[in-house]
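Asker: Would you mind keeping the following structure in view while I ask a few things?
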Amino acid sequence: MKLAARIAGIGKSAGLGIQACAVLAIALAMLLSFGGAAVRLGGRLLGEAQPGGVAAGIVVYLLLAGAGAAALRRVYRRLPDGRFAAAVVATYFLVQLALIFAGGAHLRWQGDAALLHQYVQTLAAHGYAPETLAPLSEAYDYQVWSRRALPFYVLLQRGAGPAFPMAVQTFNALVMALSALLTWRLATLLFGRRTAACALAFHVLMPWRLFTHLDLSHHILGGFYYVLGVWILMEWHQPRRGWLPRAGLALVALFLLPLMHLEGGIDFVFAAAVAGTLGLAWLMGKSSLGQTLAAGLALLVLPLLSAKLLVGPLDARLDAADRHHHDTGILAWSTRGWSIDTGGQYYGNYEQVDILTPRELKKRTMLRIIASQVCYNPAAVAFRQLPIKAAKYFMAGYASGFEEMLQFNRRPTLHAMHVGARSACLLLLLPLAIGGHLVFLAGLRRREGLFFLMPFAVLAGAYVFCGESDPRYSAYLHSYLFVAAGAFVVWLREGATREFAVRDVVAALRAPAVALAVLAGLWCAGVYAVRPRLQPLALWDLRQAVVQDNAPLPVSPTLAPFEIRLPPRAASPLWGTLRLPVPDDRTAHFTCYLLPQAGLSASHGTPIVLRRQTRAGWQEETLRLPTRLTLALQPGDARSFELRADATPAPFPLMLGYADLEIQP
């Protein structure tokens with residue numbers, strides 16, 4: 001009995017320690033986001049275009065948000081909880097409808113929204129027949145966009161026809177309203193009615209949540225699905241929950257994971273979050289083995305089988321019609337996430353490399369790019385990349401597709417005002433959310449927050465460690481931030497009746513702070529320790545090559561091992577002559593990628609002439625950009641080659657990179 005109790009105590013302490021580290025890590029990431037957002041806003045106000053519009057947006061937002069908060073407080077005092085939530089959400093929905101009819105339906109989409117709309121129109125008109133899908137596969141994210149068109153957008157397109165923009169905006173507004181209800185419910189389960197009211201107020205007053213329904217943004221549905229999944233997990237583990245409500249929750253989960261799969265990748269994150277959270281609950285003794293297995297069967301195993309059965313045939317059809325297999329999927333997304341120069345955001349050259357690489361070499365090439373970052377830029381990988389990615393990820397409400405719409409539709413003043421509004425919102429929200437995390441820390445032993453905290457911690461970790469860390473993806477954890485901010489507001493207002501004092505917060509900080517410092521040290525040491533083992537996978541260092549007759553354009557030190565950028569020459573069509581360090585009596589194979597440093601739509605298919613001298617004399621070969629170049633150098637061949645355009649000067653700079661040089665013994 002003593003041994004069992006000791007094991008249970010260790011398990012509970014370990015679980016609390018994991019939660020505390022996760023909470024503190026998120027709080028630190030939000031602190032970095034706050035600093036970055038403040039510096040960015042200062043730059044906009046001091047030197048960038050439309051500073052007056054940005055300042056006006058800040059003032060207008062503060063006035064409207066203040067008036068809205070006062071009105072919500074008055075309504076809260078007069079209505080019971082359920083009627084308050086219903087009234088607020090209904091008003092929120094009507095405001096969004098008013099924005100649609102006030103002109104939002106006439107704004108044209110662009111970027112990802114326009115691309116998704118193109119897929120929806122094509123698939124709604126012609127279905128998922130092979131002859132329809134095959135031409136679509138020329139696009140890089142063909143399989144992703146084809147899945148995201150289902151099930152709602154295709155149905156809306158078929159039902160609404162030319163009125164699809166207004167129909168999808170109304171649908172988005174409804175999803176936003178349901179998300180607001182979930183925010184209110186999650187906060188109620190965790191902290192009670194006062195925190196729930198505050199969280200709901202933050203939700204409806206956030207600019208992203210007020211205007212993004214006008215955009216064809218897949219993040220609206222993705223974020224809703226994830227919060228719905230967390231709600232299911234929390235409701236399932238409420239005390240004395242009967243079998244009938246749990247059967248209903250299991251039924252919702254059965255269809256939720258297939259819908260997540262259609263969104264592209266979020267299903268893997270949620271499945272990992274459910275598995276990790278249930279395992280941690282069992283380790284901490286919060287559920288018995290039988291209860292854990294039952295929850296795992298209902299919320300994880302059966303939904304995974306459902307996704308396989310319901311979406312598996314679609315996956316097979318999309319794969320069979322894919323002529324090109326451009327996209328390596330999650331691995332390519334992760335590779336872009338470890339792009340040092342973009343801070344873990346999208347990098348177009350990586351996408352082009354993925355497209356041009358033969359299918360059998362794609363995964364290895366993506367892994368080699370990641371390994372090369374570790375080998376050539378260990379300090380950036382060890383010390384800089386994760387903080388930058390974490391800071392970007394928690395910039396909630398930034399990178400809005402609505403702002404892109406305003407730019408595309410030539411509304412510069414409204415665009416600047418929206419920038420000011422969402423900046424002001426974030427700078428108000430983050431300090432409160434950070435304070436809420438300190439409340440979480442102090443209350444880990446007294447409140448049941450495991451089934452709320454851990455799924456969002458896994459979500460944040462997946463984006464920061466494993467993939468692109470764009471502010472767009474923060475849409476998946478808005479509700480989490482609203483609940484945290486609401487908890488801190490209530491804690492501040494409780495005064496002498498506070499459940500947790502400041503000293504409790506300080507005491508709760510010590511252990512996770514030490515643990516995080518140790519983990520950070522282990523991460524940095526691990527990067528340097530694994531670096532020699534990754535050296536054989538690294539791409540060839542282009543700094544060993546010699547560029548003759550031309551001065552390459554400067555690139556950042558972290559790109560220098562991978563890329564050489566050759567500018568046009570005013571008096572010659574020659575981009576440059578590259579000499580390889582290969583002995584004259586050895587055979588070698590050289591592979592690299594030639595990418596135009598211009599818009600792909602304008603430069604795609606541009607001819608480039610490869611000229612080199614072999615034992616048989618001078619040879620010329622015309623290629624089309626972008627291209628993957630492979631050369632076999634035999635003894636007696638010149639160790640250099642020229643890259644020429646068909647015009648003087650060449651039409652744009654040329655990037656040569658991601659090379660491999662194999663010299664045979």
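Here, A, B, ... name the chains of the structure tokens in the order displayed, residue numbers run from 1 inside each chain, and ligands are numbered from 1 in the same displayed order.
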Can you pull out every residue within 10 Å of Ala598 in chain A, counting only C-alpha atoms, but drop anything in the same chain fewer than 5 positions away, and send it as an NGL selection string?
Answerer: :A and (603-604 or 651-655)
Asker: Which residues of range 267-318 of chain A sit at most 12 Å from range 115-130 of chain A, using only C-alpha atoms? Give each one's shortest atom pair and distance in Å (one decimal place), in chain and ascending residue order, as a tab-separated table.
Answerer:
residue	atom	partner	partner_atom	distance
A:Pro313	CA	A:Tyr128	CA	11.4
A:Leu314	CA	A:Tyr128	CA	8.7
A:Asp315	CA	A:Tyr128	CA	11.1
A:Ala316	CA	A:Pro130	CA	11.2
A:Arg317	CA	A:Pro130	CA	7.6
A:Leu318	CA	A:Pro130	CA	8.1
Asker: Write the residues you've just listed into a file as a PDB file, in the first residue's frame, and include N, CA and C atoms for each of them.
Answerer:
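Result file is result36.pdb:
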ATOM      1  N   PRO A 313     -11.498   7.037 -48.367  1.00  0.00           N
ATOM      2  CA  PRO A 313     -11.748   6.933 -49.820  1.00  0.00           C
ATOM      3  C   PRO A 313     -11.460   8.226 -50.571  1.00  0.00           C
ATOM      4  N   LEU A 314     -11.759   9.374 -49.967  1.00  0.00           N
ATOM      5  CA  LEU A 314     -11.440  10.656 -50.601  1.00  0.00           C
ATOM      6  C   LEU A 314      -9.930  10.821 -50.743  1.00  0.00           C
ATOM      7  N   ASP A 315      -9.191  10.478 -49.688  1.00  0.00           N
ATOM      8  CA  ASP A 315      -7.727  10.568 -49.759  1.00  0.00           C
ATOM      9  C   ASP A 315      -7.186   9.706 -50.903  1.00  0.00           C
ATOM     10  N   ALA A 316      -7.728   8.492 -51.028  1.00  0.00           N
ATOM     11  CA  ALA A 316      -7.272   7.593 -52.085  1.00  0.00           C
ATOM     12  C   ALA A 316      -7.582   8.175 -53.466  1.00  0.00           C
ATOM     13  N   ARG A 317      -8.761   8.779 -53.608  1.00  0.00           N
ATOM     14  CA  ARG A 317      -9.131   9.368 -54.893  1.00  0.00           C
ATOM     15  C   ARG A 317      -8.235  10.559 -55.238  1.00  0.00           C
ATOM     16  N   LEU A 318      -7.986  11.405 -54.253  1.00  0.00           N
ATOM     17  CA  LEU A 318      -7.116  12.560 -54.499  1.00  0.00           C
ATOM     18  C   LEU A 318      -5.706  12.114 -54.861  1.00  0.00           C
TER      19      LEU A 318
END
Asker: Excluding same-chain residues fewer than 5 positions from Thr614 in chain A, what lies within 12 Å of it counting only C-alpha atoms, as an NGL selection string?
Answerer: :A and (584 or 619-620 or 631-641)
Asker: Selection from above, all heavy atoms, as a tab-separated table (two decimals), in the first residue's frame, can you write it?
Answerer:
chain	number	residue	atom	x	y	z
A	584	ASP	N	40.74	17.31	-61.33
A	584	ASP	CA	40.58	17.07	-62.77
A	584	ASP	C	40.49	15.58	-63.11
A	584	ASP	O	39.92	15.21	-64.14
A	584	ASP	CB	41.74	17.69	-63.55
A	584	ASP	CG	41.71	19.21	-63.49
A	584	ASP	OD1	40.61	19.76	-63.27
A	584	ASP	OD2	42.78	19.84	-63.66
A	619	GLN	N	29.31	22.39	-75.00
A	619	GLN	CA	27.93	21.93	-75.07
A	619	GLN	C	27.01	22.99	-74.49
A	619	GLN	O	27.36	23.67	-73.52
A	619	GLN	CB	27.74	20.62	-74.29
A	619	GLN	CG	28.46	19.44	-74.88
A	619	GLN	CD	28.17	18.15	-74.11
A	619	GLN	OE1	27.53	18.16	-73.07
A	619	GLN	NE2	28.66	17.03	-74.65
A	620	GLU	N	25.85	23.12	-75.11
A	620	GLU	CA	24.83	24.04	-74.61
A	620	GLU	C	23.51	23.28	-74.44
A	620	GLU	O	23.17	22.43	-75.27
A	620	GLU	CB	24.62	25.22	-75.57
A	620	GLU	CG	25.76	26.21	-75.58
A	620	GLU	CD	25.43	27.47	-76.37
A	620	GLU	OE1	24.31	27.53	-76.91
A	620	GLU	OE2	26.28	28.37	-76.44
A	631	LEU	N	24.39	17.55	-63.06
A	631	LEU	CA	25.56	17.47	-63.94
A	631	LEU	C	26.42	16.27	-63.54
A	631	LEU	O	26.64	16.02	-62.35
A	631	LEU	CB	26.42	18.73	-63.84
A	631	LEU	CG	25.86	20.04	-64.41
A	631	LEU	CD1	26.88	21.15	-64.18
A	631	LEU	CD2	25.54	19.88	-65.88
A	632	ALA	N	26.89	15.56	-64.56
A	632	ALA	CA	27.87	14.49	-64.35
A	632	ALA	C	29.20	14.96	-64.92
A	632	ALA	O	29.32	15.21	-66.13
A	632	ALA	CB	27.42	13.21	-65.03
A	633	LEU	N	30.19	15.13	-64.07
A	633	LEU	CA	31.52	15.61	-64.48
A	633	LEU	C	32.47	14.42	-64.60
A	633	LEU	O	32.67	13.67	-63.63
A	633	LEU	CB	32.06	16.61	-63.46
A	633	LEU	CG	31.21	17.86	-63.23
A	633	LEU	CD1	31.84	18.72	-62.14
A	633	LEU	CD2	31.06	18.66	-64.51
A	634	GLN	N	33.02	14.24	-65.81
A	634	GLN	CA	33.96	13.16	-66.06
A	634	GLN	C	35.38	13.72	-66.08
A	634	GLN	O	35.59	14.93	-66.28
A	634	GLN	CB	33.65	12.49	-67.40
A	634	GLN	CG	32.25	11.93	-67.51
A	634	GLN	CD	31.99	10.80	-66.54
A	634	GLN	OE1	32.92	10.08	-66.15
A	634	GLN	NE2	30.73	10.65	-66.13
A	635	PRO	N	36.40	12.88	-65.88
A	635	PRO	CA	37.78	13.36	-66.03
A	635	PRO	C	37.99	13.98	-67.41
A	635	PRO	O	37.58	13.42	-68.43
A	635	PRO	CB	38.62	12.08	-65.85
A	635	PRO	CG	37.76	11.20	-65.01
A	635	PRO	CD	36.35	11.47	-65.44
A	636	GLY	N	38.58	15.14	-67.44
A	636	GLY	CA	38.79	15.85	-68.69
A	636	GLY	C	37.75	16.92	-68.95
A	636	GLY	O	37.96	17.80	-69.79
A	637	ASP	N	36.59	16.87	-68.28
A	637	ASP	CA	35.59	17.92	-68.41
A	637	ASP	C	36.03	19.15	-67.63
A	637	ASP	O	36.70	19.04	-66.58
A	637	ASP	CB	34.23	17.47	-67.87
A	637	ASP	CG	33.60	16.36	-68.71
A	637	ASP	OD1	34.08	16.14	-69.85
A	637	ASP	OD2	32.64	15.73	-68.23
A	638	ALA	N	35.64	20.32	-68.12
A	638	ALA	CA	35.89	21.54	-67.36
A	638	ALA	C	35.10	21.50	-66.06
A	638	ALA	O	33.99	20.97	-66.01
A	638	ALA	CB	35.50	22.76	-68.19
A	639	ARG	N	35.67	22.06	-65.00
A	639	ARG	CA	35.03	22.04	-63.68
A	639	ARG	C	34.15	23.28	-63.47
A	639	ARG	O	33.77	23.58	-62.34
A	639	ARG	CB	36.10	21.98	-62.60
A	639	ARG	CG	36.60	20.60	-62.20
A	639	ARG	CD	36.57	19.56	-63.27
A	639	ARG	NE	36.80	18.22	-62.74
A	639	ARG	CZ	36.49	17.10	-63.36
A	639	ARG	NH1	35.94	17.13	-64.57
A	639	ARG	NH2	36.73	15.92	-62.81
A	640	SER	N	33.82	23.95	-64.55
A	640	SER	CA	32.99	25.15	-64.44
A	640	SER	C	31.88	25.08	-65.47
A	640	SER	O	31.96	24.34	-66.46
A	640	SER	CB	33.83	26.41	-64.64
A	640	SER	OG	34.43	26.40	-65.91
A	641	PHE	N	30.83	25.86	-65.25
A	641	PHE	CA	29.73	25.96	-66.21
A	641	PHE	C	29.15	27.36	-66.14
A	641	PHE	O	29.21	28.03	-65.11
A	641	PHE	CB	28.66	24.89	-65.96
A	641	PHE	CG	28.02	24.96	-64.60
A	641	PHE	CD1	26.87	25.71	-64.38
A	641	PHE	CD2	28.55	24.24	-63.54
A	641	PHE	CE1	26.27	25.75	-63.14
A	641	PHE	CE2	27.96	24.29	-62.28
A	641	PHE	CZ	26.81	25.04	-62.08
Asker: Could you work out how far CA of Arg533 in chain A lies from CA of Ser334 in chain A, giving the answer in Å with one decimal?
Answerer: 20.2 Å
Asker: Give me the residues near range 500-502 of chain A as JSON, numbers by chain, where near means some atom within 8 Å (using only C-alpha atoms) and where sequence neighbours in that chain fewer than 6 positions away do not count.
Answerer: {"A": [439, 442, 443]}
Asker: If you run DSSP on the backbone, which residues of range 342-488 of chain A are alpha helix (DSSP H), as a ChimeraX atom specification?
Answerer: /A:348-356,362-376,378-379,385-393,401-408,412-442,450-461,478-488
Asker: Which residues, written as an mmCIF file with C-alpha atoms, in the first residue's frame, have at least one atom at most 9 Å from range 659-664 of chain A, with only C-alpha atoms counted and residues fewer than 2 positions away on the same chain left out?
Answerer:
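Listing of around.cif after writing:
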data_model
loop_
_atom_site.group_PDB
_atom_site.id
_atom_site.type_symbol
_atom_site.label_atom_id
_atom_site.label_comp_id
_atom_site.auth_asym_id
_atom_site.auth_seq_id
_atom_site.Cartn_x
_atom_site.Cartn_y
_atom_site.Cartn_z
ATOM 1 C CA ALA A 538 23.804 18.241 -44.788
ATOM 2 C CA LEU A 539 23.614 19.890 -48.183
ATOM 3 C CA TRP A 540 26.850 20.901 -49.859
ATOM 4 C CA ASP A 541 28.291 24.211 -48.687
ATOM 5 C CA LEU A 542 28.127 26.507 -51.724
ATOM 6 C CA PHE A 562 22.629 27.137 -49.233
ATOM 7 C CA GLU A 563 22.110 29.928 -51.747
ATOM 8 C CA LEU A 580 33.355 23.495 -58.607
ATOM 9 C CA VAL A 582 36.561 18.869 -58.142
ATOM 10 C CA PRO A 583 40.012 17.395 -59.024
ATOM 11 C CA ARG A 586 37.915 12.515 -60.569
ATOM 12 C CA THR A 587 34.293 11.833 -61.506
ATOM 13 C CA ALA A 588 31.650 13.889 -59.722
ATOM 14 C CA HIS A 589 27.888 14.449 -59.677
ATOM 15 C CA PHE A 590 26.554 17.917 -58.942
ATOM 16 C CA THR A 591 22.902 18.741 -58.283
ATOM 17 C CA CYS A 592 21.373 22.112 -57.544
ATOM 18 C CA TYR A 593 18.192 24.127 -57.977
ATOM 19 C CA LEU A 656 21.386 28.796 -57.322
ATOM 20 C CA GLY A 657 21.150 26.655 -54.224
#
